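A.B. asks: Structure: entry_21.pdb, PDB, C-alpha atoms.
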```
ATOM      1  CA  MET A   1      73.440 191.368 113.366  1.00  0.00           C
ATOM      2  CA  GLU A   2      73.754 190.239 109.755  1.00  0.00           C
ATOM      3  CA  VAL A   3      72.064 187.108 108.407  1.00  0.00           C
ATOM      4  CA  SER A   4      75.071 184.756 108.622  1.00  0.00           C
ATOM      5  CA  GLU A   5      75.867 185.905 112.160  1.00  0.00           C
ATOM      6  CA  GLN A   6      72.217 185.399 113.129  1.00  0.00           C
ATOM      7  CA  LYS A   7      72.340 181.835 111.724  1.00  0.00           C
ATOM      8  CA  LEU A   8      75.568 181.185 113.642  1.00  0.00           C
ATOM      9  CA  PHE A   9      73.987 182.569 116.829  1.00  0.00           C
ATOM     10  CA  SER A  10      70.896 180.357 116.387  1.00  0.00           C
ATOM     11  CA  ALA A  11      73.014 177.273 115.658  1.00  0.00           C
ATOM     12  CA  LEU A  12      75.126 177.875 118.773  1.00  0.00           C
ATOM     13  CA  CYS A  13      71.987 178.347 120.902  1.00  0.00           C
ATOM     14  CA  GLY A  14      70.628 175.080 119.539  1.00  0.00           C
ATOM     15  CA  THR A  15      73.890 173.277 120.260  1.00  0.00           C
ATOM     16  CA  PHE A  16      73.954 174.427 123.882  1.00  0.00           C
ATOM     17  CA  CYS A  17      70.290 173.530 124.374  1.00  0.00           C
ATOM     18  CA  ALA A  18      70.899 170.067 122.861  1.00  0.00           C
ATOM     19  CA  ALA A  19      73.830 169.554 125.237  1.00  0.00           C
ATOM     20  CA  VAL A  20      71.666 170.479 128.223  1.00  0.00           C
ATOM     21  CA  GLU A  21      68.871 168.173 127.055  1.00  0.00           C
ATOM     22  CA  LYS A  22      71.298 165.243 126.714  1.00  0.00           C
ATOM     23  CA  ALA A  23      72.726 165.895 130.191  1.00  0.00           C
ATOM     24  CA  ARG A  24      69.210 166.042 131.651  1.00  0.00           C
ATOM     25  CA  ALA A  25      68.117 162.893 129.777  1.00  0.00           C
ATOM     26  CA  GLU A  26      71.087 160.992 131.204  1.00  0.00           C
ATOM     27  CA  SER A  27      70.490 162.444 134.702  1.00  0.00           C
ATOM     28  CA  MET A  28      73.993 163.885 134.905  1.00  0.00           C
ATOM     29  CA  SER A  29      75.170 166.113 137.745  1.00  0.00           C
ATOM     30  CA  LEU A  30      77.753 168.386 136.176  1.00  0.00           C
ATOM     31  CA  THR A  31      80.398 170.613 137.681  1.00  0.00           C
ATOM     32  CA  ASP A  32      81.586 172.003 134.341  1.00  0.00           C
ATOM     33  CA  MET A  33      80.763 172.041 130.663  1.00  0.00           C
ATOM     34  CA  TYR A  34      83.491 172.548 128.069  1.00  0.00           C
ATOM     35  CA  VAL A  35      83.143 174.158 124.632  1.00  0.00           C
ATOM     36  CA  GLN A  36      85.619 173.531 121.850  1.00  0.00           C
ATOM     37  CA  VAL A  37      85.489 175.317 118.494  1.00  0.00           C
ATOM     38  CA  LYS A  38      87.168 173.491 115.618  1.00  0.00           C
ATOM     39  CA  TYR A  39      87.493 176.014 112.805  1.00  0.00           C
ATOM     40  CA  ASP A  40      89.065 173.527 110.374  1.00  0.00           C
ATOM     41  CA  ASP A  41      86.057 171.202 110.628  1.00  0.00           C
ATOM     42  CA  GLN A  42      83.577 174.065 111.194  1.00  0.00           C
ATOM     43  CA  GLN A  43      82.418 172.286 114.337  1.00  0.00           C
ATOM     44  CA  VAL A  44      81.420 173.253 117.831  1.00  0.00           C
ATOM     45  CA  VAL A  45      81.635 170.478 120.410  1.00  0.00           C
ATOM     46  CA  VAL A  46      80.228 170.658 123.941  1.00  0.00           C
ATOM     47  CA  TYR A  47      81.724 168.240 126.479  1.00  0.00           C
ATOM     48  CA  ASP A  48      80.673 167.230 129.978  1.00  0.00           C
ATOM     49  CA  ASP A  49      83.100 167.304 132.907  1.00  0.00           C
ATOM     50  CA  ALA A  50      84.279 163.755 132.085  1.00  0.00           C
ATOM     51  CA  ASP A  51      85.152 164.801 128.498  1.00  0.00           C
ATOM     52  CA  GLY A  52      82.150 162.960 127.059  1.00  0.00           C
ATOM     53  CA  VAL A  53      80.494 164.625 124.070  1.00  0.00           C
ATOM     54  CA  LEU A  54      77.143 166.175 124.967  1.00  0.00           C
ATOM     55  CA  ALA A  55      76.527 167.911 121.636  1.00  0.00           C
ATOM     56  CA  GLN A  56      78.364 168.389 118.389  1.00  0.00           C
ATOM     57  CA  ALA A  57      77.326 170.583 115.478  1.00  0.00           C
ATOM     58  CA  THR A  58      78.784 171.440 112.110  1.00  0.00           C
ATOM     59  CA  ILE A  59      78.101 175.119 111.503  1.00  0.00           C
ATOM     60  CA  GLU A  60      78.797 176.404 107.992  1.00  0.00           C
ATOM     61  CA  GLU A  61      78.628 180.070 109.082  1.00  0.00           C
ATOM     62  CA  LEU A  62      81.579 179.615 111.469  1.00  0.00           C
ATOM     63  CA  ASP A  63      84.159 180.057 108.709  1.00  0.00           C
ATOM     64  CA  GLU A  64      82.422 183.151 107.322  1.00  0.00           C
ATOM     65  CA  TRP A  65      82.159 184.657 110.806  1.00  0.00           C
ATOM     66  CA  ARG A  66      85.858 183.995 111.470  1.00  0.00           C
ATOM     67  CA  THR A  67      86.816 185.686 108.183  1.00  0.00           C
ATOM     68  CA  ALA A  68      84.664 188.713 109.038  1.00  0.00           C
ATOM     69  CA  HIS A  69      86.414 189.075 112.422  1.00  0.00           C
ATOM     70  CA  GLU A  70      90.011 188.602 111.222  1.00  0.00           C
ATOM     71  CA  GLY A  71      91.075 192.095 112.303  1.00  0.00           C
ATOM     72  CA  GLU A  72      90.104 191.409 115.920  1.00  0.00           C
ATOM     73  CA  PRO A  73      91.931 189.117 118.306  1.00  0.00           C
ATOM     74  CA  SER A  74      90.305 185.808 117.362  1.00  0.00           C
ATOM     75  CA  GLU A  75      89.787 184.483 120.872  1.00  0.00           C
ATOM     76  CA  ALA A  76      88.361 187.762 122.173  1.00  0.00           C
ATOM     77  CA  ALA A  77      85.699 187.884 119.439  1.00  0.00           C
ATOM     78  CA  LEU A  78      84.836 184.214 119.975  1.00  0.00           C
ATOM     79  CA  ILE A  79      84.589 184.648 123.754  1.00  0.00           C
ATOM     80  CA  ALA A  80      82.303 187.667 123.308  1.00  0.00           C
ATOM     81  CA  LEU A  81      80.063 185.727 120.898  1.00  0.00           C
ATOM     82  CA  LEU A  82      79.839 182.663 123.151  1.00  0.00           C
ATOM     83  CA  ARG A  83      79.059 184.798 126.214  1.00  0.00           C
ATOM     84  CA  LYS A  84      76.312 186.511 124.241  1.00  0.00           C
ATOM     85  CA  VAL A  85      74.876 183.101 123.290  1.00  0.00           C
ATOM     86  CA  LEU A  86      75.019 181.865 126.900  1.00  0.00           C
ATOM     87  CA  GLU A  87      73.245 185.031 128.106  1.00  0.00           C
ATOM     88  CA  HIS A  88      70.391 184.479 125.637  1.00  0.00           C
ATOM     89  CA  ASP A  89      67.140 183.716 127.494  1.00  0.00           C
ATOM     90  CA  GLU A  90      66.585 180.285 125.930  1.00  0.00           C
ATOM     91  CA  VAL A  91      70.110 179.041 126.696  1.00  0.00           C
ATOM     92  CA  ASN A  92      70.251 180.665 130.140  1.00  0.00           C
ATOM     93  CA  GLN A  93      66.959 179.057 131.154  1.00  0.00           C
ATOM     94  CA  ALA A  94      68.132 175.692 129.847  1.00  0.00           C
ATOM     95  CA  LEU A  95      71.376 175.925 131.850  1.00  0.00           C
ATOM     96  CA  HIS A  96      69.423 176.676 135.017  1.00  0.00           C
ATOM     97  CA  THR A  97      67.381 173.481 134.543  1.00  0.00           C
ATOM     98  CA  LEU A  98      70.549 171.382 134.748  1.00  0.00           C
ATOM     99  CA  ASP A  99      71.378 169.351 137.811  1.00  0.00           C
ATOM    100  CA  PHE A 100      74.735 170.953 138.581  1.00  0.00           C
ATOM    101  CA  ILE A 101      77.115 171.085 141.489  1.00  0.00           C
ATOM    102  CA  SER A 102      77.989 174.671 142.416  1.00  0.00           C
ATOM    103  CA  PRO A 103      79.955 176.443 141.144  1.00  0.00           C
ATOM    104  CA  PHE A 104      79.097 175.310 137.610  1.00  0.00           C
ATOM    105  CA  SER A 105      81.109 176.806 134.762  1.00  0.00           C
ATOM    106  CA  VAL A 106      80.953 176.762 130.993  1.00  0.00           C
ATOM    107  CA  VAL A 107      84.556 176.952 129.814  1.00  0.00           C
ATOM    108  CA  LEU A 108      86.044 177.546 126.365  1.00  0.00           C
ATOM    109  CA  VAL A 109      88.884 175.085 125.751  1.00  0.00           C
ATOM    110  CA  ASN A 110      91.497 174.754 123.036  1.00  0.00           C
ATOM    111  CA  ALA A 111      92.350 171.657 120.964  1.00  0.00           C
ATOM    112  CA  ASP A 112      94.341 170.195 123.891  1.00  0.00           C
ATOM    113  CA  MET A 113      91.347 170.646 126.238  1.00  0.00           C
ATOM    114  CA  GLU A 114      93.190 173.374 128.156  1.00  0.00           C
ATOM    115  CA  PRO A 115      90.976 176.206 129.463  1.00  0.00           C
ATOM    116  CA  VAL A 116      91.034 179.415 127.442  1.00  0.00           C
ATOM    117  CA  ALA A 117      88.249 181.408 129.127  1.00  0.00           C
ATOM    118  CA  ASP A 118      85.506 180.997 131.681  1.00  0.00           C
ATOM    119  CA  LEU A 119      82.371 181.922 129.728  1.00  0.00           C
ATOM    120  CA  VAL A 120      79.771 181.778 132.482  1.00  0.00           C
ATOM    121  CA  THR A 121      79.648 180.609 136.089  1.00  0.00           C
ATOM    122  CA  LEU A 122      76.452 179.622 137.874  1.00  0.00           C
ATOM    123  CA  ASP A 123      76.521 179.544 141.630  1.00  0.00           C
ATOM    124  CA  ASP A 124      73.691 179.945 144.109  1.00  0.00           C
ATOM    125  CA  GLU A 125      75.987 181.192 146.860  1.00  0.00           C
ATOM    126  CA  ASN A 126      78.393 183.608 145.138  1.00  0.00           C
ATOM    127  CA  VAL A 127      78.222 186.379 142.565  1.00  0.00           C
ATOM    128  CA  TYR A 128      80.979 186.386 139.936  1.00  0.00           C
ATOM    129  CA  LEU A 129      82.091 189.570 138.211  1.00  0.00           C
ATOM    130  CA  HIS A 130      83.737 189.576 134.796  1.00  0.00           C
ATOM    131  CA  ASP A 131      87.116 191.207 134.206  1.00  0.00           C
ATOM    132  CA  ASP A 132      85.621 194.227 132.428  1.00  0.00           C
ATOM    133  CA  PHE A 133      83.901 195.223 135.692  1.00  0.00           C
ATOM    134  CA  TRP A 134      87.263 195.571 137.417  1.00  0.00           C
ATOM    135  CA  GLU A 135      88.741 197.486 134.472  1.00  0.00           C
ATOM    136  CA  LYS A 136      85.846 199.971 134.567  1.00  0.00           C
ATOM    137  CA  MET A 137      86.056 200.263 138.353  1.00  0.00           C
ATOM    138  CA  ASP A 138      89.813 200.875 138.152  1.00  0.00           C
ATOM    139  CA  LYS A 139      89.306 203.672 135.601  1.00  0.00           C
ATOM    140  CA  GLU A 140      86.557 205.269 137.679  1.00  0.00           C
ATOM    141  CA  LEU A 141      88.746 205.232 140.789  1.00  0.00           C
ATOM    142  CA  ASP A 142      91.680 206.712 138.853  1.00  0.00           C
ATOM    143  CA  ASP A 143      89.444 209.488 137.499  1.00  0.00           C
ATOM    144  CA  PHE A 144      88.076 210.172 140.981  1.00  0.00           C
ATOM    145  CA  PHE A 145      91.588 210.324 142.460  1.00  0.00           C
ATOM    146  CA  GLU A 146      92.775 212.736 139.744  1.00  0.00           C
ATOM    147  CA  GLN A 147      89.780 214.991 140.348  1.00  0.00           C
ATOM    148  CA  LEU A 148      90.339 214.865 144.108  1.00  0.00           C
ATOM    149  CA  MET A 149      94.017 215.739 143.760  1.00  0.00           C
ATOM    150  CA  ALA A 150      93.223 218.552 141.309  1.00  0.00           C
ATOM    151  CA  ASP A 151      90.883 220.085 143.875  1.00  0.00           C
ATOM    152  CA  THR A 152      93.630 220.191 146.528  1.00  0.00           C
ATOM    153  CA  LYS A 153      96.012 222.306 144.416  1.00  0.00           C
TER
END
```
Output the file's structure in the form of C-alpha cells.
C.D. replies:
Amino acid sequence: MEVSEQKLFSALCGTFCAAVEKARAESMSLTDMYVQVKYDDQQVVVYDDADGVLAQATIEELDEWRTAHEGEPSEAALIALLRKVLEHDEVNQALHTLDFISPFSVVLVNADMEPVADLVTLDDENVYLHDDFWEKMDKELDDFFEQLMADTK
C-alpha cells in the first residue's frame, strides 16, 4: 500500500470509529449504517438509519486514490477498499461494541441515498456469504462436472 492509500485507509478507519463512538455516546440502537462518498467535496459521510450524520470527514487523498484507480470500475474499487477498512481489527471491534438490532448492515449509498452495495452485515444468528464465494463455488462445481464427464468417455 502506498503512502497516500495508507493515509486514506487510516482516515476512513478513523471516520468509522468516530461514527461508532457518536452512536454509542447517544445510546443509539441501529439497524443500519450508511456510507456516502462525495468525490467532488472529497468527503466521506456516515449516516445512521434515520439519515442523521454520525461522522463526516474531508479526506484529501480521496481524489488522488480515485485518479489512481481510473482504469477499474469505480464502484468496485471503492467497495473493495471500504470492505477492507471495515474488516480492519480496530473498526471491526468498534462495530461489535455498537448496540445494534440484527441483522445490522453497513451499506454504501449514492448521492440519492439509494443502496449501491452491502459492505458488511453483522448478525448473531446467520452467516452471510459474499458474492465472490458463490462465483468460486460455481467455478469449482463446473470444473468438477467437466472432470467427471471426461472420466465417463
A.B. asks: Name the residues in contact with range 47-56 of chain A at a cut-off of 10 Å, using only C-alpha atoms, excluding same-chain residues fewer than 3 positions from it; report them as a compact mmCIF listing (two decimals) with C-alpha atoms, in the coordinates of the input.
C.D. replies:
```txt
# COMPACT_ATOMS: atom_id res chain seq x y z
CA GLY A 14 70.63 175.08 119.54
CA THR A 15 73.89 173.28 120.26
CA PHE A 16 73.95 174.43 123.88
CA CYS A 17 70.29 173.53 124.37
CA ALA A 18 70.90 170.07 122.86
CA ALA A 19 73.83 169.55 125.24
CA VAL A 20 71.67 170.48 128.22
CA GLU A 21 68.87 168.17 127.06
CA LYS A 22 71.30 165.24 126.71
CA ALA A 23 72.73 165.90 130.19
CA MET A 28 73.99 163.88 134.90
CA SER A 29 75.17 166.11 137.74
CA LEU A 30 77.75 168.39 136.18
CA THR A 31 80.40 170.61 137.68
CA ASP A 32 81.59 172.00 134.34
CA MET A 33 80.76 172.04 130.66
CA TYR A 34 83.49 172.55 128.07
CA VAL A 35 83.14 174.16 124.63
CA GLN A 36 85.62 173.53 121.85
CA VAL A 37 85.49 175.32 118.49
CA GLN A 43 82.42 172.29 114.34
CA VAL A 44 81.42 173.25 117.83
CA ILE A 59 78.10 175.12 111.50
CA SER A 105 81.11 176.81 134.76
CA VAL A 106 80.95 176.76 130.99
CA VAL A 107 84.56 176.95 129.81
CA VAL A 109 88.88 175.08 125.75
CA MET A 113 91.35 170.65 126.24
```
A.B. asks: Which of these residues is nearest to Arg24 in chain A, using all atoms listed in the file: A:Thr97, A:Thr152, A:Asn110, A:Thr58?
C.D. replies: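 Looking only at the distances to Arg24 in chain A, the closest residue turns out to be A:Thr97.
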A.B. asks: Could you state the separation of CA of Glu114 in chain A and CA of Glu5 in chain A in Å, given to one decimal place?
C.D. replies: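 One can read the CA of Glu114 in chain A to CA of Glu5 in chain A distance as 26.7 Å.
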A.B. asks: From the options A:Leu81, A:Leu98, A:Ala111, A:Val91, which residue's atoms come nearest to Tyr39 in chain A, counting all atoms listed in the file?
C.D. replies: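 Smallest distance to Tyr39 in chain A is found for A:Ala111.
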A.B. asks: Separation of CA of Glu64 in chain A and CA of Gln42 in chain A, in Å?
C.D. replies: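 So the two atoms, CA of Glu64 in chain A and CA of Gln42 in chain A, lie 9.9 Å apart.
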A.B. asks: Pull out every residue that the PyMOL selection byres ((chain A and resi 66) around 12) matches in the shown coordinates and put them as a list in words.
C.D. replies: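 Output from the PyMOL selection byres ((chain A and resi 66) around 12), applied to this file: Ser4, Glu5, Leu8, Val37, Lys38, Tyr39, Asp40, Gln42, Ile59, Glu60, Glu61, Leu62, Asp63, Glu64, Trp65, Thr67, Ala68, His69, Glu70, Gly71, Glu72, Pro73, Ser74, Glu75, Ala76, Ala77, Leu78 and Leu81 of chain A.
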A.B. asks: For the residues in the current selection, export C-alpha atoms as a PDB file, keeping the file's coordinate frame.
C.D. replies:
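That gives us selection_8.pdb:
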```
ATOM      1  CA  SER A   4      75.071 184.756 108.622  1.00  0.00           C
ATOM      2  CA  GLU A   5      75.867 185.905 112.160  1.00  0.00           C
ATOM      3  CA  LEU A   8      75.568 181.185 113.642  1.00  0.00           C
ATOM      4  CA  VAL A  37      85.489 175.317 118.494  1.00  0.00           C
ATOM      5  CA  LYS A  38      87.168 173.491 115.618  1.00  0.00           C
ATOM      6  CA  TYR A  39      87.493 176.014 112.805  1.00  0.00           C
ATOM      7  CA  ASP A  40      89.065 173.527 110.374  1.00  0.00           C
ATOM      8  CA  GLN A  42      83.577 174.065 111.194  1.00  0.00           C
ATOM      9  CA  ILE A  59      78.101 175.119 111.503  1.00  0.00           C
ATOM     10  CA  GLU A  60      78.797 176.404 107.992  1.00  0.00           C
ATOM     11  CA  GLU A  61      78.628 180.070 109.082  1.00  0.00           C
ATOM     12  CA  LEU A  62      81.579 179.615 111.469  1.00  0.00           C
ATOM     13  CA  ASP A  63      84.159 180.057 108.709  1.00  0.00           C
ATOM     14  CA  GLU A  64      82.422 183.151 107.322  1.00  0.00           C
ATOM     15  CA  TRP A  65      82.159 184.657 110.806  1.00  0.00           C
ATOM     16  CA  THR A  67      86.816 185.686 108.183  1.00  0.00           C
ATOM     17  CA  ALA A  68      84.664 188.713 109.038  1.00  0.00           C
ATOM     18  CA  HIS A  69      86.414 189.075 112.422  1.00  0.00           C
ATOM     19  CA  GLU A  70      90.011 188.602 111.222  1.00  0.00           C
ATOM     20  CA  GLY A  71      91.075 192.095 112.303  1.00  0.00           C
ATOM     21  CA  GLU A  72      90.104 191.409 115.920  1.00  0.00           C
ATOM     22  CA  PRO A  73      91.931 189.117 118.306  1.00  0.00           C
ATOM     23  CA  SER A  74      90.305 185.808 117.362  1.00  0.00           C
ATOM     24  CA  GLU A  75      89.787 184.483 120.872  1.00  0.00           C
ATOM     25  CA  ALA A  76      88.361 187.762 122.173  1.00  0.00           C
ATOM     26  CA  ALA A  77      85.699 187.884 119.439  1.00  0.00           C
ATOM     27  CA  LEU A  78      84.836 184.214 119.975  1.00  0.00           C
ATOM     28  CA  LEU A  81      80.063 185.727 120.898  1.00  0.00           C
TER      29      LEU A  81
END
```
A.B. asks: Quick one, how far is CA of Glu87 in chain A from CA of Asp41 in chain A?
C.D. replies: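 Separating CA of Glu87 in chain A from CA of Asp41 in chain A is a distance of 25.7 Å.
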A.B. asks: Give me the residues near His88 in chain A as a PyMOL selection string, where near means some atom within 12 Å (using only C-alpha atoms) and where sequence neighbours in that chain fewer than 4 positions away do not count.
C.D. replies: chain A and resi 9-10+12-14+16-17+81-84+92-95+120
A.B. asks: Compare A:Ala117, A:Leu148, A:Leu108, A:Leu122 by their minimum atom-to-atom distance to His96 in chain A, counting only C-alpha atoms, and give me the closest one.
C.D. replies: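 Comparing A:Ala117, A:Leu148, A:Leu108, A:Leu122 against His96 in chain A, the winner is A:Leu122.
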